[in-house]
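Source file: upload_1.cif; contents: mmCIF, C-alpha atoms.
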data_structure
#
loop_
_atom_site.label_atom_id
_atom_site.label_comp_id
_atom_site.auth_asym_id
_atom_site.auth_seq_id
_atom_site.Cartn_x
_atom_site.Cartn_y
_atom_site.Cartn_z
CA MET P 1 80.17 53.67 91.56
CA VAL P 2 81.08 50.19 90.45
CA ALA P 3 84.43 48.99 91.80
CA TRP P 4 84.97 46.25 89.22
CA ARG P 5 83.27 45.40 85.98
CA GLY P 6 85.49 42.78 84.35
CA TRP P 7 84.58 43.80 80.81
CA CYS P 8 87.25 41.66 79.16
CA ILE P 9 85.81 38.61 80.89
CA SER P 10 82.22 39.53 80.10
CA ALA P 11 83.04 40.43 76.51
CA LEU P 12 84.59 37.04 75.90
CA VAL P 13 81.80 35.19 77.69
CA LEU P 14 79.08 37.06 75.82
CA GLY P 15 80.88 36.59 72.53
CA VAL P 16 80.32 40.18 71.47
CA VAL P 17 83.66 41.96 71.61
CA GLY P 18 86.72 40.17 70.32
CA LEU P 19 90.09 39.84 71.96
CA GLY P 20 91.09 43.10 70.34
CA GLY P 21 88.70 44.88 72.68
CA CYS P 22 90.72 43.72 75.66
CA ALA P 23 94.19 44.44 74.33
CA SER P 24 95.83 45.23 71.04
CA SER P 25 99.35 45.75 69.87
CA GLY P 26 101.00 49.03 68.91
CA ASP P 27 100.44 52.12 70.95
CA LYS P 28 100.96 52.11 74.71
CA TYR P 29 97.43 53.41 75.21
CA GLN P 30 96.04 50.23 73.64
CA ALA P 31 98.30 47.87 75.58
CA SER P 32 95.71 47.53 78.32
CA ARG P 33 91.94 47.59 78.28
CA TYR P 34 91.63 50.85 80.21
CA SER P 35 93.85 53.88 80.70
CA GLN P 36 92.51 54.39 84.27
CA LYS P 37 93.02 51.96 87.13
CA HIS P 38 89.95 53.14 89.08
CA ASP P 39 86.66 54.53 87.85
CA SER P 40 85.79 58.18 88.49
CA ALA P 41 83.62 61.10 87.47
CA PRO P 42 85.02 63.41 84.75
CA SER P 43 87.67 65.78 86.10
CA LEU P 44 85.74 68.80 84.80
CA ALA P 45 82.14 67.77 85.32
CA PRO P 46 79.92 69.42 82.69
CA SER P 47 76.23 70.13 83.13
CA VAL P 48 73.95 67.33 81.93
CA ASP P 49 70.84 69.53 81.87
CA HIS P 50 70.82 69.32 78.06
CA VAL P 51 70.84 65.51 78.07
CA GLN P 52 67.35 64.18 77.41
CA ASP P 53 65.87 60.87 78.53
CA ALA P 54 66.25 57.98 76.13
CA VAL P 55 63.29 57.79 73.73
CA PRO P 56 61.80 54.25 73.78
CA MET P 57 61.35 52.86 70.29
CA PRO P 58 60.97 49.35 68.84
CA GLU P 59 64.34 47.91 67.87
CA ILE P 60 65.42 44.68 66.24
CA ARG P 61 67.30 42.51 68.71
CA THR P 62 70.32 40.50 67.63
CA ALA P 63 72.66 38.06 69.34
CA ALA P 64 74.92 40.95 70.34
CA GLY P 65 74.94 41.08 74.11
CA ASN P 66 72.14 38.51 74.42
CA LYS P 67 73.98 35.21 74.78
CA SER P 68 72.09 33.10 77.31
CA PRO P 69 73.05 31.62 79.62
CA TYR P 70 76.40 33.27 80.32
CA VAL P 71 78.79 32.98 83.26
CA VAL P 72 80.70 35.75 85.06
CA LEU P 73 82.83 35.07 88.14
CA GLY P 74 81.44 31.55 88.34
CA LYS P 75 77.81 32.65 88.42
CA LYS P 76 75.34 31.80 85.65
CA TYR P 77 72.90 34.37 84.31
CA ARG P 78 69.97 33.89 81.92
CA VAL P 79 68.73 36.71 79.73
CA LEU P 80 64.97 37.24 79.93
CA GLU P 81 63.00 36.42 76.79
CA SER P 82 61.11 39.71 77.16
CA GLU P 83 61.38 42.79 79.32
CA ILE P 84 57.61 43.35 79.40
CA GLY P 85 56.32 43.27 82.95
CA TYR P 86 59.75 43.57 84.59
CA LYS P 87 59.69 45.66 87.77
CA LYS P 88 62.18 45.44 90.60
CA ARG P 89 63.54 47.44 93.50
CA GLY P 90 67.17 47.33 94.53
CA VAL P 91 70.50 49.15 94.48
CA ALA P 92 71.69 51.21 91.51
CA SER P 93 75.31 52.18 90.96
CA TRP P 94 77.00 54.17 88.17
CA TYR P 95 80.05 53.98 85.97
CA GLY P 96 82.05 56.79 84.42
CA SER P 97 85.30 57.93 82.85
CA LYS P 98 87.26 54.67 83.16
CA PHE P 99 84.86 52.98 80.72
CA HIS P 100 84.09 56.04 78.57
CA GLY P 101 84.82 55.30 74.91
CA HIS P 102 85.11 51.52 75.36
CA ALA P 103 82.82 48.88 73.90
CA THR P 104 79.72 47.80 75.79
CA SER P 105 78.50 44.20 75.80
CA ASN P 106 76.66 44.61 72.49
CA GLY P 107 79.57 46.34 70.76
CA GLU P 108 78.28 49.91 71.07
CA ILE P 109 80.59 52.55 72.50
CA TYR P 110 79.97 53.52 76.10
CA ASP P 111 79.27 57.23 76.54
CA MET P 112 79.05 58.35 80.15
CA TYR P 113 77.07 61.42 79.07
CA ALA P 114 74.34 59.37 77.35
CA MET P 115 71.22 57.90 78.96
CA THR P 116 72.09 54.21 78.97
CA ALA P 117 72.51 51.44 81.52
CA ALA P 118 73.90 48.01 82.24
CA HIS P 119 71.68 45.17 83.48
CA LYS P 120 72.43 41.50 84.05
CA THR P 121 69.31 39.88 82.55
CA LEU P 122 67.17 42.33 80.58
CA PRO P 123 67.32 41.82 76.80
CA ILE P 124 69.60 44.22 74.90
CA PRO P 125 68.35 46.71 73.93
CA SER P 126 65.58 47.44 76.42
CA TYR P 127 64.18 50.65 77.84
CA VAL P 128 63.49 51.16 81.53
CA GLN P 129 62.37 53.89 83.85
CA VAL P 130 64.57 54.22 86.93
CA LYS P 131 63.15 56.00 89.99
CA ASN P 132 65.29 57.14 92.90
CA LEU P 133 63.17 56.10 95.89
CA ALA P 134 64.84 58.67 98.15
CA ASN P 135 63.82 61.74 96.16
CA GLY P 136 61.25 60.57 93.59
CA LYS P 137 63.34 61.66 90.58
CA THR P 138 63.06 59.49 87.46
CA VAL P 139 64.96 58.92 84.22
CA ILE P 140 64.43 56.73 81.16
CA VAL P 141 67.50 54.84 79.97
CA ARG P 142 68.33 52.33 77.24
CA VAL P 143 69.98 49.09 78.37
CA ASN P 144 72.94 48.30 76.11
CA ASP P 145 75.42 46.69 78.50
CA ARG P 146 75.81 43.86 81.01
CA GLY P 147 76.43 44.30 84.73
CA PRO P 148 76.78 45.25 87.49
CA PHE P 149 78.50 42.08 88.73
CA HIS P 150 79.07 43.44 92.19
CA GLY P 151 77.13 42.71 95.38
CA ASN P 152 73.38 43.16 95.32
CA ARG P 153 73.24 45.88 92.67
CA ILE P 154 70.54 45.51 90.04
CA ILE P 155 71.45 48.24 87.53
CA ASP P 156 74.45 50.37 86.58
CA LEU P 157 73.68 53.81 85.14
CA THR P 158 75.84 56.24 83.24
CA TYR P 159 77.36 59.23 84.96
CA ALA P 160 74.73 61.48 83.35
CA ALA P 161 71.78 59.35 84.43
CA ALA P 162 73.09 59.06 88.00
CA LYS P 163 73.64 62.81 88.14
CA LYS P 164 70.04 63.42 87.05
CA LEU P 165 68.87 61.08 89.82
CA ASP P 166 71.12 62.96 92.27
CA TYR P 167 73.12 60.09 93.76
CA LEU P 168 76.62 60.67 92.37
CA GLY P 169 77.99 61.65 95.76
CA GLN P 170 76.92 58.55 97.64
CA GLY P 171 77.73 56.22 94.72
CA THR P 172 74.59 54.09 95.01
CA ALA P 173 70.86 54.56 95.54
CA GLN P 174 67.77 52.54 96.25
CA VAL P 175 65.78 52.55 93.03
CA GLU P 176 62.77 51.05 91.31
CA VAL P 177 63.40 49.77 87.78
CA THR P 178 60.35 49.41 85.53
CA ALA P 179 60.57 48.07 81.98
CA ILE P 180 58.92 50.11 79.23
CA ASP P 181 57.00 48.62 76.30
CA PRO P 182 58.32 50.85 73.47
CA VAL P 183 55.30 50.26 71.20
CA ALA P 184 52.84 51.28 73.92
CA TRP P 185 55.05 54.18 74.98
CA GLN P 186 55.21 55.54 71.42
CA LYS P 187 51.41 55.41 71.15
CA GLN P 188 50.90 57.12 74.51
CA ASN P 189 53.39 59.88 73.69
CA ALA P 190 52.70 60.32 69.95
CA ALA P 191 51.15 63.78 70.27
CA ARG P 192 53.92 65.08 72.53
CA LEU P 193 56.66 63.68 70.28
CA ALA P 194 55.06 65.17 67.17
CA ALA P 195 54.76 68.58 68.82
CA ALA P 196 58.37 68.49 69.98
CA GLU P 197 59.56 67.51 66.49
CA ALA P 198 57.56 70.32 64.89
CA ARG P 199 59.32 72.85 67.13
CA ARG P 200 62.77 71.70 65.99
CA PRO P 201 64.62 73.66 63.28
CA ALA P 202 64.26 72.20 59.79
CA GLN P 203 68.00 71.50 59.57
CA ALA P 204 67.93 69.51 62.80
CA ARG P 205 64.97 67.50 61.52
CA GLY P 206 66.98 66.71 58.40
CA ILE P 207 69.85 65.39 60.48
CA ASN P 208 67.37 63.39 62.58
CA ALA P 209 66.18 61.52 59.52
CA GLN P 210 69.72 60.33 58.92
CA THR P 211 70.36 59.10 62.44
CA THR P 212 69.09 56.07 64.33
CA SER P 213 68.41 58.07 67.47
CA ALA P 214 65.65 60.09 65.72
CA ARG P 215 66.68 63.16 67.73
CA VAL P 216 69.52 65.67 67.97
CA ALA P 217 70.64 67.12 71.28
CA SER P 218 72.84 70.18 71.72
CA LEU P 219 76.18 69.65 73.43
CA PRO P 220 78.23 71.90 75.74
CA ALA P 221 80.60 74.33 74.00
CA ASN P 222 83.63 72.40 75.28
CA THR P 223 82.70 69.06 73.64
CA TYR P 224 85.25 67.27 71.44
CA LEU P 225 85.64 63.84 69.83
CA GLN P 226 88.86 62.03 70.71
CA VAL P 227 89.89 59.82 67.79
CA GLY P 228 93.13 58.42 69.20
CA ALA P 229 95.79 58.69 71.91
CA PHE P 230 99.44 57.91 71.26
CA SER P 231 102.73 57.73 73.12
CA ASN P 232 104.43 58.74 69.85
CA GLN P 233 103.98 62.35 68.73
CA GLN P 234 104.59 61.59 65.06
CA ALA P 235 101.85 58.94 65.04
CA ALA P 236 99.38 61.43 66.50
CA GLU P 237 100.34 64.10 63.96
CA HIS P 238 100.00 61.61 61.09
CA LEU P 239 96.43 60.81 62.16
CA ARG P 240 95.68 64.52 62.54
CA ASP P 241 96.88 65.20 58.99
CA GLN P 242 94.63 62.42 57.66
CA LEU P 243 91.59 63.73 59.51
CA ILE P 244 92.13 67.29 58.28
CA GLN P 245 91.66 66.00 54.73
CA TRP P 246 88.33 64.34 55.57
CA LEU P 247 86.63 66.58 58.11
CA GLU P 248 85.23 70.10 58.13
CA HIS P 249 85.81 70.44 61.88
CA PRO P 250 89.16 71.56 63.32
CA VAL P 251 91.55 68.75 64.29
CA ARG P 252 94.42 69.14 66.71
CA VAL P 253 96.86 67.17 68.84
CA SER P 254 96.63 67.81 72.58
CA PRO P 255 100.09 67.40 74.14
CA PRO P 256 100.80 65.37 77.27
CA GLY P 257 99.99 67.03 80.56
CA ALA P 258 99.82 66.36 84.27
CA ALA P 259 97.06 63.76 83.87
CA THR P 260 98.46 61.81 80.91
CA SER P 261 101.65 61.10 78.97
CA LEU P 262 99.77 60.63 75.69
CA TYR P 263 99.32 62.77 72.59
CA ARG P 264 95.55 62.93 72.01
CA VAL P 265 94.00 63.59 68.61
CA ARG P 266 90.78 65.57 69.00
CA VAL P 267 88.13 66.88 66.63
CA GLY P 268 85.97 69.85 67.47
CA PRO P 269 84.37 71.46 69.19
CA VAL P 270 81.19 69.67 68.08
CA ALA P 271 77.87 71.40 68.61
CA ASP P 272 75.34 68.55 68.76
CA THR P 273 74.81 64.80 68.52
CA GLY P 274 73.97 65.09 64.83
CA GLN P 275 77.52 66.29 64.12
CA VAL P 276 78.88 63.48 66.29
CA SER P 277 76.96 60.88 64.28
CA LYS P 278 78.17 62.28 60.95
CA ILE P 279 81.81 62.31 62.09
CA ARG P 280 81.58 58.78 63.49
CA SER P 281 80.03 57.53 60.24
CA LEU P 282 82.80 59.10 58.17
CA LEU P 283 85.51 57.62 60.37
CA ALA P 284 83.87 54.19 60.20
CA ARG P 285 83.86 54.37 56.38
CA ASN P 286 87.60 55.01 56.56
CA ARG P 287 88.11 52.03 58.88
CA LEU P 288 88.99 54.07 61.95
CA ALA P 289 87.87 53.17 65.46
CA ALA P 290 84.83 54.97 66.84
CA PRO P 291 85.86 58.15 68.69
CA HIS P 292 84.53 59.04 72.12
CA LEU P 293 83.34 62.31 73.60
CA VAL P 294 85.62 64.35 75.84
CA TYR P 295 85.10 67.70 77.53
CA GLU P 296 87.82 70.31 77.89
#
Can you give me the file's structure in the form of structure tokens?
Amino acid sequence: MVAWRGWCISALVLGVVGLGGCASSGDKYQASRYSQKHDSAPSLAPSVDHVQDAVPMPEIRTAAGNKSPYVVLGKKYRVLESEIGYKKRGVASWYGSKFHGHATSNGEIYDMYAMTAAHKTLPIPSYVQVKNLANGKTVIVRVNDRGPFHGNRIIDLTYAAAKKLDYLGQGTAQVEVTAIDPVAWQKQNAARLAAAEARRPAQARGINAQTTSARVASLPANTYLQVGAFSNQQAAEHLRDQLIQWLEHPVRVSPPGAATSLYRVRVGPVADTGQVSKIRSLLARNRLAAPHLVYE
């Protein structure tokens, strides 16, 4: 697990996330970048068996997350012009709940249960296969973040990806990272992808057409979207009342407990990633911050 990521520094250097991503006024929860001092796995670790590998697909690259060169901790890094042909062995780490729900280097929201990764020099987005050299297990992840800026580590995976590679306990693993050409991958896997899509329910295929991921994955029964966390109960209840008017899903305020002093506004449970996308889109249209997944 990464001990330090320095996202406020990297966000400013990369010119992707504004100062508001590091601190904002108002609620105590937003007074600092993170609500946790140290990174960790989720307190109630759900199964990630339902989480599928990232599906490589051609994507338009923008300046978001791709400033080159950039400097972190006095060291200069240059983003590669292309990921094609990249293959390297080294140490992989993982990052989890401390960063869950916060912006990545290209402005997307980090989800520790998704199949994504941070890399110092690969273009964003890129797709790579990561192989654990100790056990031969492999995953495919989408690079949407910068890091790890710690020691000799070459890639930082999400909690879910690291769990699939079976190295959560030791924190790091020797891996081989191989870049994937998404155009070639799509051609090689066209028949399999078409067959898998044909087996999906018609409703799920309809949701797929409306989402950029082109796929819908089921989520555990205890999955919720957390829209906000407040030190003031009235502020949390005001947001809840607004959301009830907009959403079909139940909305409630979770009171403070042993782990937190905050009132958390949560939507759900949500059944799949299609529902998550629809809720996030609605909240964005109403100028609310993107919610993040939590598991109860």
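CA of Gly107 in chain P is found 23.7 Å from CA of Leu219 in chain P.
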TODO: Run the PyMOL selection byres ((chain P and resi 141) around 7) on the file and write out the hits as number ranges by chain.
DONE: P: 53-54, 115-117, 127-129, 139-140, 142-143
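Among the candidates P:Thr158, P:Asn286, P:Thr121, P:Thr273, the residue lying nearest to Pro220 in chain P is P:Thr273 (atoms considered: all atoms listed in the file).
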Open item on the list: So that I can check the surroundings of Pro256 in chain P, please list as a VMD selection string every protein, DNA and RNA residue that reaches within 10 Å of it, counting only C-alpha atoms and ignoring chain neighbours fewer than 4 positions away.
Closed with: chain P and resid 229 to 231 233 260 to 264
Could you work out an axis-aligned bounding box for all listed atoms of range 132-144 of chain P, with 4 Å added on each of the six sides, and give its centre and edge lengths in Å to one decimal, as lines of an AutoDock Vina configuration file?
center_x = 67.1
center_y = 55.0
center_z = 87.1
size_x = 19.7
size_y = 21.4
size_z = 30.0
Task: Hits from the PyMOL selection byres ((chain P and resi 156) around 8), listed as a ChimeraX atom specification - done: /P:2,92-95,117-119,147-148,153-155,157-158
- [ ] Could you tell me how far CA of Asn222 in chain P lies from CA of Leu243 in chain P, in Å and to one decimal?
- [x] 19.7 Å
Would you mind putting back all heavy atoms on range 59-70 of chain P, then writing it out as an mmCIF file, in the frame of the given file?
data_model
loop_
_atom_site.group_PDB
_atom_site.id
_atom_site.type_symbol
_atom_site.label_atom_id
_atom_site.label_comp_id
_atom_site.auth_asym_id
_atom_site.auth_seq_id
_atom_site.Cartn_x
_atom_site.Cartn_y
_atom_site.Cartn_z
ATOM 1 N N GLU P 59 63.065 48.188 68.507
ATOM 2 C CA GLU P 59 64.340 47.910 67.870
ATOM 3 C C GLU P 59 64.470 46.412 67.615
ATOM 4 O O GLU P 59 63.970 45.588 68.389
ATOM 5 C CB GLU P 59 65.504 48.378 68.746
ATOM 6 C CG GLU P 59 65.554 49.874 68.981
ATOM 7 C CD GLU P 59 66.819 50.287 69.724
ATOM 8 O OE1 GLU P 59 67.924 49.930 69.265
ATOM 9 O OE2 GLU P 59 66.700 50.946 70.777
ATOM 10 N N ILE P 60 65.157 46.082 66.534
ATOM 11 C CA ILE P 60 65.420 44.680 66.240
ATOM 12 C C ILE P 60 66.527 44.182 67.155
ATOM 13 O O ILE P 60 67.589 44.803 67.253
ATOM 14 C CB ILE P 60 65.827 44.493 64.771
ATOM 15 C CG1 ILE P 60 64.672 44.910 63.852
ATOM 16 C CG2 ILE P 60 66.237 43.057 64.489
ATOM 17 C CD1 ILE P 60 65.025 44.886 62.391
ATOM 18 N N ARG P 61 66.288 43.088 67.834
ATOM 19 C CA ARG P 61 67.300 42.510 68.710
ATOM 20 C C ARG P 61 68.130 41.477 67.946
ATOM 21 O O ARG P 61 67.617 40.730 67.125
ATOM 22 C CB ARG P 61 66.659 41.865 69.936
ATOM 23 C CG ARG P 61 66.090 42.899 70.885
ATOM 24 C CD ARG P 61 65.672 42.295 72.201
ATOM 25 N NE ARG P 61 65.168 43.345 73.081
ATOM 26 C CZ ARG P 61 63.997 43.326 73.680
ATOM 27 N NH1 ARG P 61 63.186 42.290 73.526
ATOM 28 N NH2 ARG P 61 63.617 44.326 74.456
ATOM 29 N N THR P 62 69.419 41.467 68.249
ATOM 30 C CA THR P 62 70.320 40.500 67.630
ATOM 31 C C THR P 62 70.997 39.698 68.738
ATOM 32 O O THR P 62 70.693 39.858 69.925
ATOM 33 C CB THR P 62 71.384 41.230 66.791
ATOM 34 O OG1 THR P 62 72.256 41.973 67.681
ATOM 35 C CG2 THR P 62 70.738 42.198 65.806
ATOM 36 N N ALA P 63 71.930 38.851 68.350
ATOM 37 C CA ALA P 63 72.660 38.060 69.340
ATOM 38 C C ALA P 63 73.625 38.906 70.153
ATOM 39 O O ALA P 63 74.085 38.473 71.219
ATOM 40 C CB ALA P 63 73.418 36.934 68.637
ATOM 41 N N ALA P 64 73.941 40.101 69.666
ATOM 42 C CA ALA P 64 74.920 40.950 70.340
ATOM 43 C C ALA P 64 74.482 41.297 71.759
ATOM 44 O O ALA P 64 73.484 41.972 71.962
ATOM 45 C CB ALA P 64 75.142 42.229 69.533
ATOM 46 N N GLY P 65 75.232 40.811 72.718
ATOM 47 C CA GLY P 65 74.940 41.080 74.110
ATOM 48 C C GLY P 65 73.866 40.208 74.723
ATOM 49 O O GLY P 65 73.552 40.341 75.906
ATOM 50 N N ASN P 66 73.283 39.292 73.937
ATOM 51 C CA ASN P 66 72.140 38.510 74.420
ATOM 52 C C ASN P 66 72.419 37.011 74.529
ATOM 53 O O ASN P 66 71.472 36.221 74.558
ATOM 54 C CB ASN P 66 70.933 38.743 73.503
ATOM 55 C CG ASN P 66 70.332 40.126 73.706
ATOM 56 O OD1 ASN P 66 70.108 40.549 74.832
ATOM 57 N ND2 ASN P 66 70.096 40.839 72.614
ATOM 58 N N LYS P 67 73.678 36.627 74.576
ATOM 59 C CA LYS P 67 73.980 35.210 74.780
ATOM 60 C C LYS P 67 73.388 34.748 76.105
ATOM 61 O O LYS P 67 73.517 35.413 77.131
ATOM 62 C CB LYS P 67 75.484 34.974 74.778
ATOM 63 C CG LYS P 67 75.854 33.513 74.982
ATOM 64 C CD LYS P 67 77.355 33.315 74.951
ATOM 65 C CE LYS P 67 77.700 31.855 75.189
ATOM 66 N NZ LYS P 67 79.152 31.610 75.185
ATOM 67 N N SER P 68 72.730 33.613 76.090
ATOM 68 C CA SER P 68 72.090 33.100 77.310
ATOM 69 C C SER P 68 72.091 31.576 77.303
ATOM 70 O O SER P 68 71.748 30.964 76.290
ATOM 71 C CB SER P 68 70.648 33.622 77.391
ATOM 72 O OG SER P 68 70.016 33.204 78.580
ATOM 73 N N PRO P 69 72.516 30.960 78.425
ATOM 74 C CA PRO P 69 73.050 31.620 79.620
ATOM 75 C C PRO P 69 74.488 32.068 79.403
ATOM 76 O O PRO P 69 75.135 31.665 78.449
ATOM 77 C CB PRO P 69 72.958 30.530 80.686
ATOM 78 C CG PRO P 69 73.149 29.264 79.904
ATOM 79 C CD PRO P 69 72.452 29.493 78.585
ATOM 80 N N TYR P 70 74.986 32.897 80.325
ATOM 81 C CA TYR P 70 76.400 33.270 80.320
ATOM 82 C C TYR P 70 76.891 33.225 81.765
ATOM 83 O O TYR P 70 76.104 33.240 82.721
ATOM 84 C CB TYR P 70 76.613 34.649 79.696
ATOM 85 C CG TYR P 70 76.041 35.812 80.473
ATOM 86 C CD1 TYR P 70 76.823 36.535 81.379
ATOM 87 C CD2 TYR P 70 74.719 36.219 80.287
ATOM 88 C CE1 TYR P 70 76.312 37.612 82.072
ATOM 89 C CE2 TYR P 70 74.196 37.303 80.983
ATOM 90 C CZ TYR P 70 75.000 38.008 81.881
ATOM 91 O OH TYR P 70 74.480 39.073 82.582
#
